[in-house]
Every structure is written in C-alpha cells, then in structure tokens.
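Asker: Structure file my_file_6.tsv (TSV, C-alpha atoms) is given on the next line.
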chain	number	residue	atom	x	y	z
F	1	MET	CA	-25.87	-13.33	4.97
F	2	SER	CA	-28.79	-10.99	5.47
F	3	LEU	CA	-30.23	-10.14	8.85
F	4	PRO	CA	-33.90	-11.15	9.17
F	5	LEU	CA	-36.43	-8.51	10.02
F	6	PRO	CA	-36.08	-7.84	13.73
F	7	LEU	CA	-38.42	-9.34	16.28
F	8	PRO	CA	-39.67	-7.18	19.16
F	9	LEU	CA	-36.88	-6.55	21.65
F	10	PRO	CA	-37.04	-8.08	25.12
F	11	SER	CA	-37.65	-5.56	27.87
F	12	SER	CA	-34.07	-5.84	29.09
F	13	LEU	CA	-30.66	-6.98	27.93
F	14	PRO	CA	-29.40	-10.48	28.82
F	15	PRO	CA	-28.23	-10.76	32.45
F	16	GLN	CA	-24.59	-9.85	32.98
F	17	PRO	CA	-22.05	-10.44	35.73
F	18	ALA	CA	-20.35	-7.69	37.68
F	19	SER	CA	-19.05	-6.08	34.48
F	20	ALA	CA	-22.54	-4.64	33.87
F	21	LYS	CA	-21.60	-1.69	36.07
F	22	LEU	CA	-19.02	-0.74	33.42
F	23	GLN	CA	-21.48	0.34	30.75
F	24	ALA	CA	-19.67	2.05	27.90
F	25	ILE	CA	-22.79	2.34	25.73
F	26	ARG	CA	-26.10	3.62	27.05
F	27	TRP	CA	-29.11	3.41	24.77
F	28	ASN	CA	-32.64	4.39	25.71
F	29	ARG	CA	-34.50	5.03	22.50
F	30	PRO	CA	-33.95	7.54	21.02
F	31	ARG	CA	-31.05	8.65	23.22
F	32	LEU	CA	-27.48	7.34	22.87
F	33	SER	CA	-24.62	8.25	25.18
F	34	ILE	CA	-21.14	6.77	25.36
F	35	LEU	CA	-18.48	6.76	28.04
F	36	ASN	CA	-15.72	9.13	26.92
F	37	GLN	CA	-12.75	6.80	27.11
F	38	LEU	CA	-10.28	9.61	26.53
F	39	LEU	CA	-10.89	10.71	30.12
F	40	LEU	CA	-10.54	7.28	31.68
F	41	PRO	CA	-9.44	6.17	34.20
F	42	HIS	CA	-9.64	9.51	35.99
F	43	ALA	CA	-13.21	10.54	35.15
F	44	SER	CA	-16.38	8.78	34.03
F	45	GLU	CA	-18.09	11.22	31.69
F	46	TYR	CA	-20.78	10.34	29.17
F	47	VAL	CA	-21.09	12.07	25.81
F	48	ASP	CA	-24.45	12.37	24.05
F	49	ILE	CA	-24.43	11.12	20.46
F	50	GLU	CA	-27.37	12.47	18.46
F	51	THR	CA	-26.19	12.05	14.86
F	52	SER	CA	-24.14	9.76	12.65
F	53	ALA	CA	-21.60	12.59	12.27
F	54	GLN	CA	-21.11	12.62	16.03
F	55	GLY	CA	-20.84	8.83	16.01
F	56	HIS	CA	-18.20	9.02	13.29
F	57	HIS	CA	-16.22	11.57	15.32
F	58	ALA	CA	-16.45	9.45	18.47
F	59	ILE	CA	-14.90	6.50	16.63
F	60	VAL	CA	-12.15	8.44	14.86
F	61	SER	CA	-11.20	10.38	18.00
F	62	MET	CA	-11.25	7.14	20.04
F	63	GLN	CA	-13.84	8.37	22.50
F	64	THR	CA	-15.16	4.89	21.82
F	65	ARG	CA	-12.99	1.99	20.67
F	66	GLY	CA	-12.89	-1.77	20.33
F	67	ALA	CA	-14.17	-3.47	17.18
F	68	PRO	CA	-17.53	-4.68	18.63
F	69	ALA	CA	-18.27	-1.34	20.33
F	70	ILE	CA	-17.41	0.60	17.18
F	71	ALA	CA	-20.03	-1.32	15.21
F	72	ILE	CA	-22.67	-0.83	17.90
F	73	VAL	CA	-21.97	2.89	18.35
F	74	ALA	CA	-22.03	3.45	14.59
F	75	ALA	CA	-25.36	1.64	14.25
F	76	LEU	CA	-26.97	3.37	17.23
F	77	SER	CA	-25.70	6.84	16.33
F	78	LEU	CA	-27.66	6.60	13.11
F	79	ALA	CA	-30.60	5.08	15.01
F	80	ALA	CA	-30.62	8.17	17.23
F	81	GLU	CA	-30.56	10.40	14.16
F	82	VAL	CA	-33.33	8.69	12.19
F	83	SER	CA	-35.49	8.51	15.32
F	84	GLN	CA	-35.67	12.30	15.23
F	85	LYS	CA	-36.46	12.55	11.51
F	86	ARG	CA	-39.57	12.05	9.41
F	87	PHE	CA	-39.43	10.65	5.89
F	88	SER	CA	-42.09	11.24	3.28
F	89	THR	CA	-41.42	8.00	1.39
F	90	ALA	CA	-39.77	4.64	1.95
F	91	ALA	CA	-37.26	5.43	-0.79
F	92	GLU	CA	-36.26	8.67	0.91
F	93	ALA	CA	-35.63	6.85	4.19
F	94	ARG	CA	-33.71	4.05	2.49
F	95	ASP	CA	-31.48	6.46	0.57
F	96	PHE	CA	-30.75	8.58	3.64
F	97	ILE	CA	-29.90	5.60	5.86
F	98	THR	CA	-27.76	3.95	3.17
F	99	ASP	CA	-25.80	7.15	2.58
F	100	ARG	CA	-25.11	7.63	6.30
F	101	LEU	CA	-24.07	3.98	6.73
F	102	GLU	CA	-21.54	4.37	3.93
F	103	TYR	CA	-20.20	7.47	5.67
F	104	LEU	CA	-19.89	5.60	8.98
F	105	ALA	CA	-17.92	2.87	7.20
F	106	THR	CA	-15.06	5.36	6.70
F	107	SER	CA	-14.54	5.80	10.46
F	108	ARG	CA	-12.42	2.67	10.97
F	109	PRO	CA	-11.26	0.80	7.84
F	110	THR	CA	-9.85	-2.22	9.73
F	111	ALA	CA	-12.95	-3.09	11.77
F	112	VAL	CA	-14.70	-5.92	9.96
F	113	ASN	CA	-17.45	-5.90	12.63
F	114	LEU	CA	-18.38	-2.43	11.43
F	115	PHE	CA	-18.68	-3.52	7.80
F	116	ASP	CA	-20.60	-6.64	8.78
F	117	ALA	CA	-23.08	-4.59	10.79
F	118	ILE	CA	-23.46	-2.07	7.98
F	119	SER	CA	-24.10	-4.83	5.43
F	120	LYS	CA	-26.80	-6.40	7.60
F	121	LEU	CA	-28.44	-3.07	8.36
F	122	LYS	CA	-28.53	-2.15	4.67
F	123	GLN	CA	-30.25	-5.45	3.98
F	124	VAL	CA	-32.86	-4.78	6.65
F	125	VAL	CA	-33.57	-1.35	5.16
F	126	ASP	CA	-33.79	-2.74	1.63
F	127	ASP	CA	-36.15	-5.48	2.76
F	128	VAL	CA	-38.52	-3.11	4.54
F	129	ALA	CA	-38.38	-0.50	1.77
F	130	GLY	CA	-39.08	-3.23	-0.79
F	131	ASP	CA	-42.61	-3.62	0.55
F	132	ALA	CA	-44.87	-1.53	-1.68
F	133	GLU	CA	-46.99	-0.61	1.34
F	134	ALA	CA	-44.06	0.54	3.50
F	135	SER	CA	-43.86	4.14	4.63
F	136	GLY	CA	-40.72	6.14	5.30
F	137	ASP	CA	-41.29	5.96	9.04
F	138	GLN	CA	-41.66	2.17	8.87
F	139	VAL	CA	-38.28	1.92	7.14
F	140	ALA	CA	-36.74	4.09	9.85
F	141	LEU	CA	-38.37	2.00	12.57
F	142	GLY	CA	-37.12	-1.20	10.99
F	143	TYR	CA	-33.60	0.20	11.05
F	144	VAL	CA	-33.79	1.28	14.70
F	145	ASP	CA	-35.18	-2.11	15.76
F	146	ALA	CA	-32.34	-3.90	13.95
F	147	ALA	CA	-29.68	-1.67	15.53
F	148	GLU	CA	-31.12	-2.34	18.99
F	149	ALA	CA	-31.15	-6.07	18.33
F	150	MET	CA	-27.42	-5.91	17.54
F	151	LEU	CA	-26.78	-4.33	20.94
F	152	ALA	CA	-28.57	-7.16	22.77
F	153	LYS	CA	-26.89	-9.85	20.68
F	154	ASP	CA	-23.41	-8.47	21.31
F	155	VAL	CA	-23.84	-8.86	25.06
F	156	GLN	CA	-24.98	-12.47	24.76
F	157	ASP	CA	-22.22	-13.30	22.25
F	158	ASN	CA	-19.60	-11.99	24.68
F	159	LEU	CA	-20.98	-14.09	27.53
F	160	ASP	CA	-20.76	-17.15	25.26
F	161	ILE	CA	-17.19	-16.26	24.22
F	162	GLY	CA	-16.23	-15.99	27.88
F	163	SER	CA	-17.72	-19.38	28.72
F	164	HIS	CA	-16.13	-21.20	25.76
F	165	GLY	CA	-12.71	-19.62	26.27
F	166	ALA	CA	-12.60	-20.19	30.03
F	167	GLU	CA	-13.40	-23.88	29.60
F	168	TYR	CA	-10.82	-24.32	26.82
F	169	ILE	CA	-7.95	-22.63	28.68
F	170	ALA	CA	-8.63	-24.45	31.95
F	171	ARG	CA	-8.80	-27.81	30.18
F	172	MET	CA	-5.67	-27.21	28.12
F	173	ALA	CA	-3.80	-26.16	31.26
F	174	ARG	CA	-4.74	-29.46	32.89
F	175	GLU	CA	-4.26	-31.75	29.92
F	176	THR	CA	-1.23	-30.31	28.13
F	177	MET	CA	0.61	-28.39	30.86
F	178	GLY	CA	-0.20	-30.47	33.91
F	179	ILE	CA	-1.54	-27.43	35.77
F	180	GLY	CA	-4.62	-28.38	37.72
F	181	GLY	CA	-4.66	-25.53	40.21
F	182	LYS	CA	-4.64	-21.77	39.95
F	183	ILE	CA	-3.39	-20.20	36.73
F	184	LYS	CA	-2.39	-16.77	35.46
F	185	LEU	CA	-3.12	-15.04	32.17
F	186	LEU	CA	-1.55	-12.24	30.13
F	187	THR	CA	-3.61	-9.91	27.95
F	188	HIS	CA	-3.07	-6.91	25.69
F	189	CYS	CA	-4.96	-3.69	24.95
F	190	ASN	CA	-8.53	-3.47	26.24
F	191	THR	CA	-11.12	-6.04	25.23
F	192	GLY	CA	-13.69	-5.80	27.99
F	193	ALA	CA	-16.95	-4.05	28.72
F	194	LEU	CA	-15.41	-0.79	27.51
F	195	ALA	CA	-14.71	-2.26	24.06
F	196	THR	CA	-18.03	-4.05	23.59
F	197	ALA	CA	-21.67	-3.79	24.58
F	198	GLY	CA	-20.80	-5.66	27.80
F	199	HIS	CA	-18.60	-8.36	29.43
F	200	GLY	CA	-15.96	-8.33	26.67
F	201	THR	CA	-14.10	-10.79	24.44
F	202	ALA	CA	-10.60	-11.60	25.73
F	203	LEU	CA	-11.33	-9.79	28.99
F	204	GLY	CA	-14.67	-11.57	28.96
F	205	ILE	CA	-12.79	-14.88	29.14
F	206	ILE	CA	-10.84	-13.51	32.09
F	207	ARG	CA	-14.07	-12.47	33.81
F	208	SER	CA	-15.62	-15.87	33.17
F	209	MET	CA	-12.58	-17.59	34.70
F	210	TYR	CA	-12.68	-15.36	37.77
F	211	TYR	CA	-16.43	-15.54	38.47
F	212	PRO	CA	-17.96	-17.08	40.45
F	213	ARG	CA	-15.24	-16.63	43.03
F	214	GLU	CA	-16.03	-20.01	44.59
F	215	GLY	CA	-13.92	-22.49	42.67
F	216	SER	CA	-12.28	-19.85	40.47
F	217	VAL	CA	-9.14	-21.12	38.76
F	218	LEU	CA	-7.80	-17.66	37.89
F	219	GLU	CA	-5.16	-16.40	40.29
F	220	HIS	CA	-3.80	-13.32	38.55
F	221	VAL	CA	-3.86	-11.29	35.33
F	222	TYR	CA	-0.97	-9.41	33.74
F	223	PHE	CA	-1.73	-6.77	31.13
F	224	GLY	CA	0.50	-4.67	28.88
F	225	GLU	CA	0.38	-0.89	28.80
F	226	THR	CA	-0.39	-0.96	25.03
F	227	ARG	CA	1.59	1.96	23.72
F	228	PRO	CA	1.19	4.49	22.30
F	229	TYR	CA	-2.45	5.03	23.35
F	230	ASN	CA	-2.11	3.09	26.61
F	231	GLN	CA	-5.42	1.26	26.39
F	232	GLY	CA	-4.08	-1.35	28.78
F	233	ALA	CA	-2.71	1.08	31.35
F	234	ARG	CA	-5.77	3.35	31.20
F	235	LEU	CA	-8.72	1.10	30.41
F	236	THR	CA	-7.95	-2.51	31.30
F	237	SER	CA	-6.61	-1.35	34.64
F	238	TYR	CA	-9.84	0.61	35.16
F	239	GLU	CA	-11.97	-2.47	34.49
F	240	LEU	CA	-9.91	-4.94	36.53
F	241	ARG	CA	-9.64	-2.58	39.52
F	242	SER	CA	-13.35	-1.87	39.37
F	243	GLU	CA	-14.09	-5.55	39.83
F	244	GLY	CA	-11.28	-6.43	42.21
F	245	ILE	CA	-9.61	-8.92	39.85
F	246	PRO	CA	-5.94	-9.30	40.93
F	247	ALA	CA	-3.85	-7.76	38.18
F	248	THR	CA	-0.46	-6.23	37.40
F	249	LEU	CA	0.49	-3.72	34.70
F	250	VAL	CA	3.57	-4.59	32.64
F	251	CYS	CA	5.65	-2.56	30.18
F	252	ASP	CA	5.03	-3.78	26.63
F	253	SER	CA	8.75	-4.34	26.24
F	254	ALA	CA	8.91	-6.59	29.35
F	255	VAL	CA	6.33	-9.23	28.45
F	256	SER	CA	8.82	-11.73	26.99
F	257	PHE	CA	10.89	-11.66	30.16
F	258	LEU	CA	7.71	-11.99	32.21
F	259	LEU	CA	6.76	-15.20	30.39
F	260	LYS	CA	10.22	-16.58	31.04
F	261	ARG	CA	10.09	-15.73	34.75
F	262	ASP	CA	6.57	-16.93	35.52
F	263	PRO	CA	5.67	-20.41	34.21
F	264	SER	CA	2.22	-20.24	35.82
F	265	ILE	CA	1.13	-17.85	33.04
F	266	VAL	CA	-0.50	-20.49	30.86
F	267	ALA	CA	-1.95	-18.32	28.09
F	268	VAL	CA	-1.88	-15.00	26.32
F	269	VAL	CA	-5.45	-13.96	25.52
F	270	VAL	CA	-6.12	-11.15	23.04
F	271	GLY	CA	-8.96	-9.73	21.00
F	272	ALA	CA	-9.15	-9.11	17.27
F	273	ASP	CA	-10.09	-6.34	14.91
F	274	ARG	CA	-10.26	-8.65	11.90
F	275	VAL	CA	-9.59	-12.36	11.35
F	276	ALA	CA	-8.87	-13.66	7.84
F	277	ALA	CA	-10.28	-16.97	6.61
F	278	ASN	CA	-6.99	-18.74	7.37
F	279	GLY	CA	-6.85	-17.36	10.93
F	280	ASP	CA	-4.35	-14.53	10.40
F	281	THR	CA	-5.43	-11.92	12.93
F	282	ALA	CA	-5.22	-8.14	12.92
F	283	ASN	CA	-5.21	-6.69	16.41
F	284	LYS	CA	-3.73	-3.81	18.35
F	285	ASN	CA	-0.06	-3.20	17.57
F	286	GLY	CA	2.10	-5.34	19.84
F	287	THR	CA	0.00	-8.48	19.49
F	288	TYR	CA	2.35	-10.10	16.97
F	289	GLN	CA	5.37	-9.86	19.26
F	290	LEU	CA	3.30	-11.36	22.09
F	291	ALA	CA	2.45	-14.32	19.88
F	292	ILE	CA	6.13	-14.86	19.07
F	293	ALA	CA	7.00	-14.74	22.77
F	294	ALA	CA	4.19	-17.14	23.66
F	295	ARG	CA	5.33	-19.64	21.05
F	296	HIS	CA	8.95	-19.43	22.21
F	297	HIS	CA	7.95	-20.06	25.82
F	298	GLY	CA	5.44	-22.80	25.06
F	299	ARG	CA	2.27	-20.94	26.12
F	300	LEU	CA	-1.17	-20.88	24.58
F	301	PHE	CA	-1.98	-17.92	22.38
F	302	VAL	CA	-5.74	-17.46	22.23
F	303	VAL	CA	-7.69	-14.99	20.09
F	304	ALA	CA	-11.18	-14.08	21.29
F	305	ALA	CA	-13.62	-12.39	18.91
F	306	PRO	CA	-17.22	-12.56	17.77
F	307	SER	CA	-17.78	-14.44	14.52
F	308	THR	CA	-18.53	-11.09	12.88
F	309	SER	CA	-14.80	-10.34	13.15
F	310	ILE	CA	-14.04	-13.23	10.79
F	311	ASP	CA	-13.79	-12.05	7.19
F	312	LEU	CA	-14.21	-15.14	5.01
F	313	GLU	CA	-13.78	-13.03	1.88
F	314	MET	CA	-10.20	-12.30	2.95
F	315	PRO	CA	-8.03	-15.39	2.38
F	316	SER	CA	-5.09	-14.24	4.51
F	317	GLY	CA	-3.77	-11.35	6.56
F	318	GLU	CA	-1.71	-10.08	3.64
F	319	ALA	CA	-4.78	-8.29	2.33
F	320	ILE	CA	-5.74	-6.59	5.61
F	321	VAL	CA	-5.46	-2.81	5.37
F	322	ILE	CA	-3.62	-1.43	8.39
F	323	GLU	CA	-4.55	2.01	9.62
F	324	GLU	CA	-1.58	4.31	10.24
F	325	ARG	CA	-2.12	7.05	12.80
F	326	GLY	CA	-0.35	10.35	13.37
F	327	VAL	CA	3.30	10.50	14.39
F	328	GLU	CA	2.44	12.77	17.35
F	329	GLU	CA	0.97	9.79	19.21
F	330	ILE	CA	4.54	8.44	19.45
F	331	THR	CA	6.63	11.62	19.55
F	332	MET	CA	4.38	13.19	22.17
F	333	ALA	CA	2.57	12.01	25.27
F	334	SER	CA	-0.69	13.38	26.59
F	335	GLY	CA	-2.36	12.95	29.93
F	336	PHE	CA	-3.39	14.65	33.13
F	337	VAL	CA	-1.10	16.23	35.70
F	338	ARG	CA	-1.25	14.41	39.03
F	339	ASP	CA	-2.29	17.36	41.16
F	340	GLN	CA	-5.14	18.06	38.74
F	341	VAL	CA	-6.33	14.46	39.03
F	342	GLU	CA	-6.23	14.71	42.83
F	343	ARG	CA	-8.23	17.94	42.71
F	344	GLY	CA	-10.66	16.53	40.15
F	345	VAL	CA	-9.89	19.20	37.58
F	346	LEU	CA	-8.94	17.46	34.35
F	347	GLN	CA	-7.16	19.40	31.65
F	348	ARG	CA	-5.21	17.29	29.18
F	349	GLU	CA	-1.56	18.26	28.85
F	350	THR	CA	0.74	17.33	25.98
F	351	LEU	CA	4.45	16.67	26.47
F	352	CYS	CA	7.14	16.45	23.81
F	353	VAL	CA	8.99	13.12	24.18
F	354	ALA	CA	11.06	13.03	21.00
F	355	PRO	CA	12.78	16.03	19.40
F	356	VAL	CA	10.39	18.17	17.37
F	357	GLY	CA	10.37	17.00	13.76
F	358	THR	CA	11.28	13.37	14.54
F	359	ASP	CA	9.77	11.00	11.99
F	360	ALA	CA	7.78	8.04	13.34
F	361	TRP	CA	5.89	5.01	12.07
F	362	ASN	CA	2.64	4.40	13.93
F	363	PRO	CA	0.59	1.44	12.65
F	364	SER	CA	-2.52	1.07	14.76
F	365	PHE	CA	-2.58	-2.70	14.27
F	366	ASP	CA	-0.35	-5.60	13.34
F	367	VAL	CA	-1.15	-9.01	11.86
F	368	THR	CA	-0.36	-12.22	13.75
F	369	PRO	CA	0.12	-15.26	11.47
F	370	ALA	CA	-2.26	-18.14	12.08
F	371	GLU	CA	0.63	-20.53	12.73
F	372	LEU	CA	1.31	-18.70	16.03
F	373	ILE	CA	-2.30	-18.88	17.22
F	374	SER	CA	-3.44	-21.82	19.39
F	375	ALA	CA	-7.18	-21.24	19.14
F	376	ILE	CA	-9.79	-18.72	18.02
F	377	VAL	CA	-12.74	-18.43	20.39
F	378	THR	CA	-16.08	-17.11	19.14
F	379	GLU	CA	-19.63	-17.24	20.47
F	380	ARG	CA	-20.05	-20.42	18.40
F	381	GLY	CA	-17.24	-22.30	20.10
F	382	VAL	CA	-13.48	-22.82	19.97
F	383	PHE	CA	-11.80	-23.17	16.58
F	384	VAL	CA	-8.52	-25.07	16.33
F	385	LYS	CA	-6.30	-26.10	13.44
F	386	ALA	CA	-6.49	-29.55	11.91
F	387	PRO	CA	-3.60	-31.83	13.00
F	388	GLY	CA	-0.41	-30.94	11.14
F	389	LYS	CA	-1.87	-27.74	9.68
F	390	SER	CA	-0.41	-24.28	10.23
F	391	GLU	CA	-3.58	-22.42	9.31
F	392	PHE	CA	-7.20	-22.52	10.38
F	393	GLU	CA	-10.07	-23.59	8.14
F	394	LEU	CA	-12.56	-20.99	9.28
F	395	GLY	CA	-14.38	-21.15	5.95
F	396	GLU	CA	-15.34	-24.70	6.84
F	397	LYS	CA	-16.11	-23.61	10.40
F	398	ARG	CA	-13.94	-26.39	11.83
F	399	ARG	CA	-14.61	-26.33	15.57
F	400	GLU	CA	-13.04	-28.16	18.42
F	401	ARG	CA	-15.34	-30.91	19.66
I'd like the structure from this file rewritten - as structure tokens, please.
Answerer:
Amino acid sequence: MSLPLPLPLPSSLPPQPASAKLQAIRWNRPRLSILNQLLLPHASEYVDIETSAQGHHAIVSMQTRGAPAIAIVAALSLAAEVSQKRFSTAAEARDFITDRLEYLATSRPTAVNLFDAISKLKQVVDDVAGDAEASGDQVALGYVDAAEAMLAKDVQDNLDIGSHGAEYIARMARETMGIGGKIKLLTHCNTGALATAGHGTALGIIRSMYYPREGSVLEHVYFGETRPYNQGARLTSYELRSEGIPATLVCDSAVSFLLKRDPSIVAVVVGADRVAANGDTANKNGTYQLAIAARHHGRLFVVAAPSTSIDLEMPSGEAIVIEERGVEEITMASGFVRDQVERGVLQRETLCVAPVGTDAWNPSFDVTPAELISAIVTERGVFVKAPGKSEFELGEKRRER
C-alpha cells in the first residue's frame, strides 16, 4: 500500500498523557535528537542525529531501540540530512534518498516497521519525482513532510492501542476470570515512550489502564529485567518510576513462579518486532517462555503492536530472520559503578562474567507461536482467533467485535 502525498502537518502532535515528558525523539525541522538509551536510567542525554549514517549507528548501537522508534529515527535521520542538501534535479534527489533508505534498511533486519516505513517513503519519493515539473528540492520536501507525518501518526496509533488493549483486558478479567476489581499485569522488555514516538504499545496499554487515576483498575505492574541488555531493568523501570506507576522488577527466570504465586496477575502484555500473517510473533528474547508460562497458569497473553508490525507477506514465524548479537553481551556485563552514579560521573565499566573464551548463543529475539497468544492489539482494534482455531487470520483482518 502506498502512502498518499502528505498533507500539511498540524502545528503540534496529538495530545498525550503524562508519558509526553519521556520524549525519546525530538524533531524540530531540520534538527533531530534522540535520547541516548545506553545511559539510562542514570542520565538523560540527547544525541544530535544529522545524517542517515548517524541514524544507522544509533539503531545498531541501540542508542535508540523499539521497532516503532527505529522506523521513525531512520526516517527522520534521512529527513535531517536531505534538509541540509540541495538537488539539481528530481532524479538526483530520488536516487539519493532511495539509496540512503536501502542503507538504513540494513540497521535492523527483524523490524518490519522499518521496512514498511521505507517502502512507503520510497513510494512518496517516486510519486513526487514522477511529476515532470518537480524539482529536486520539491522531492526532498515531499520526503521530509512524509517522515514528519509518520512521527505524528505513531503517537496517535499508540494512544489507540492503549485504549483498545485496556478495554479488552479489563473486560476479559471480568467476564472470564471473575475479577471485577483491581488487577495486576506483567510485561517484558521496554515498549513505552522510549521505544516509540510516545505513549508506547504494551506499556501504552498499562498507561491507559492506570490513567486517569480516578477509577483506575490497575493496581500493580511487574516487569522482567530482560537480559542480556536489561531493557526492563534500565528502561521500563525508568518510565514507570517517572510516572509513579506502582511496579516491581523481577528476574527473568522467576516469572513463572511469580504467576503461580500471584493469581491477581491477569495478563502478560508484550510488544512485537514482527508479526506473521498467522499471528506468530517475534519479540525480545524471553517472550516465548513467558507465553508458555501464561498458558500453563491460565493467564491472558496479549501482544500489542501497530499494524505496520504485521507482515502479511510472511505466512508464519518460521520465515522470520532472527538477529544474533555478539557473545560478549552474555559473557560480559557493562554498567556504571555506584559511586560514579552518585557523583554524576558516568563512565561505563565492563566486567567479565563467564571465563574468557566461553562460547555463547545470543539471539536478540524469539518467536512465540500464535496458539499461545490470546489477542493481538493494534490501533485498528483487538484481533482474536476464530473459535477452535490455533492461528490468527490477520490477512482477513478478523477483529473482535
């Protein structure tokens, strides 16, 4: 599906709840800066991104992360670059932008949002360049407008995901579990304002259940540390503490026992890097074992993602390419010494955990089979499986009514 030529942007992004103060992406044409998530939660430092090469590095190095945010940062990094350039012809602008988009596609092979954004942006550029009267600068402007429109749309999509997911979980808790009062949730990795343009996907559902405080049904949130990069311990804790949402960090290896001990945890809510047409879901490593635990203990397992994360060209998760990262992320640990944190002088230290030379397998993601997933929540609504089916029919866009 091609993206139509962009309309003029509104003067401001859609209104957001308290999570707006956690702004991981700052764009003020032509300047882009991102919150360096490698320093969180101990320092809030923004990094200027002026070129697509810098955007590529920010994604690979995980200065920015989360499938929706990756797509937005990639798009805007090139927007920042082309805003500073002049093109003599429309063809020159089109060729330059297309080449840089293809380069940005190599930054994260699992993120379908990235490829979806790139496909739409290429179409915009081709459409503008196809006008015989178009200049090179008009092609560049058309690209920048389209990239900005994606930023605004991502915020609104996340607010819609939060609303749909909050209503679904609360209703299912009442109707299928007999829980009409306060509930608890368990989440994994980081899927909030730090992983998107704002509000978040799975963490967006949590926010939507907690706000407004009057009449809130959410009592408490548990979140896993998310080894080996500790996105939960570093980033989700940062977001939840910033907003005063009651929350507890849990070792990844303790979540099954937690579900057994606390029956008021009604659902596990996670994000997604890519969702196949049958509902198989690639997400941060550790998601699959959470789904198994949720099924064993009779809890909901809910995936939250924008519809751009659904890859209808991929029939099942068997075809999803899983990124494998370096062994040092497992055999070593990096962080900041406590006295440095207290003094505000951050210098990352690396510790050897395993013996030097230890081999390790470090898949960045795993794939959860659709049969273990209760629902997939997008900005369009809540998708459930047909009665008696073990897979979703996302190609037919079967939504819960």
Asker: For Gly232 in chain F, work out the shell of residues within 7 Å, counting all atoms listed in the file and skipping chain neighbours fewer than 2 positions away, then give it as a list of chain:residue names.
Answerer: F:His188, F:Cys189, F:Asn190, F:Phe223, F:Gly224, F:Glu225, F:Thr226, F:Asn230, F:Arg234, F:Leu235, F:Thr236, F:Ser237
Asker: Could you build a table of the residues in range 226-298 of chain F lying no more than 7 Å from range 367-379 of chain F, giving for each the nearest pair of atoms and their separation in Å rounded to one decimal place, using all atoms listed in the file, ordered by chain and ascending residue number, as a tab-separated table?
Answerer:
residue	atom	partner	partner_atom	distance
F:Asn278	CA	F:Ala370	CA	6.7
F:Gly279	CA	F:Ala370	CA	4.8
F:Asp280	CA	F:Ala370	CA	4.5
F:Thr281	CA	F:Thr368	CA	5.1
F:Ala282	CA	F:Val367	CA	4.3
F:Asn283	CA	F:Val367	CA	6.5
F:Thr287	CA	F:Thr368	CA	6.9
F:Tyr288	CA	F:Thr368	CA	4.7
F:Ala291	CA	F:Leu372	CA	5.9
F:Ile292	CA	F:Leu372	CA	6.9
F:Arg295	CA	F:Leu372	CA	6.5
Asker: In terms of the shortest atom-to-atom distance over only C-alpha atoms, which of F:Ala93, F:Asp252, F:Ser307, F:Pro228 is closest to Val353 in chain F?
Answerer: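 Residue with the minimum atom-to-atom distance to Val353 in chain F: F:Pro228.
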Asker: I'd like the neighbourhood of Gly192 in chain F as a ChimeraX atom specification, where a residue qualifies if any of its atoms comes within 6 Å (using all atoms listed in the file), though same-chain residues fewer than 6 positions away should be ignored.
Answerer: /F:199-200,203-204
Asker: Excluding range 146-151 of chain F and its own-chain neighbours fewer than 2 positions away, which residues fall within 8 Å of it when counting all atoms listed in the file? Please give them as JSON, numbers by chain.
Answerer: {"F": [5, 6, 9, 72, 75, 76, 79, 121, 124, 142, 143, 144, 153, 154, 155, 197]}
Asker: Tell me which protein, DNA and RNA residues are within 10 Å of range 171-186 of chain F, counting all atoms listed in the file, leaving out same-chain ones fewer than 2 positions away, and put them as a VMD selection string.
Answerer: chain F and resid 165 to 169 188 206 209 215 to 224 246 to 250 255 258 to 259 262 to 270 290 294 298 to 301
Asker: List the spatial neighbours of range 317-327 of chain F as an NGL selection string - criterion: any atom at most 7 Å away, all atoms listed in the file, same-chain residues fewer than 5 positions off excluded.
Answerer: :F and (110 or 276 or 280-281 or 359-365 or 367)
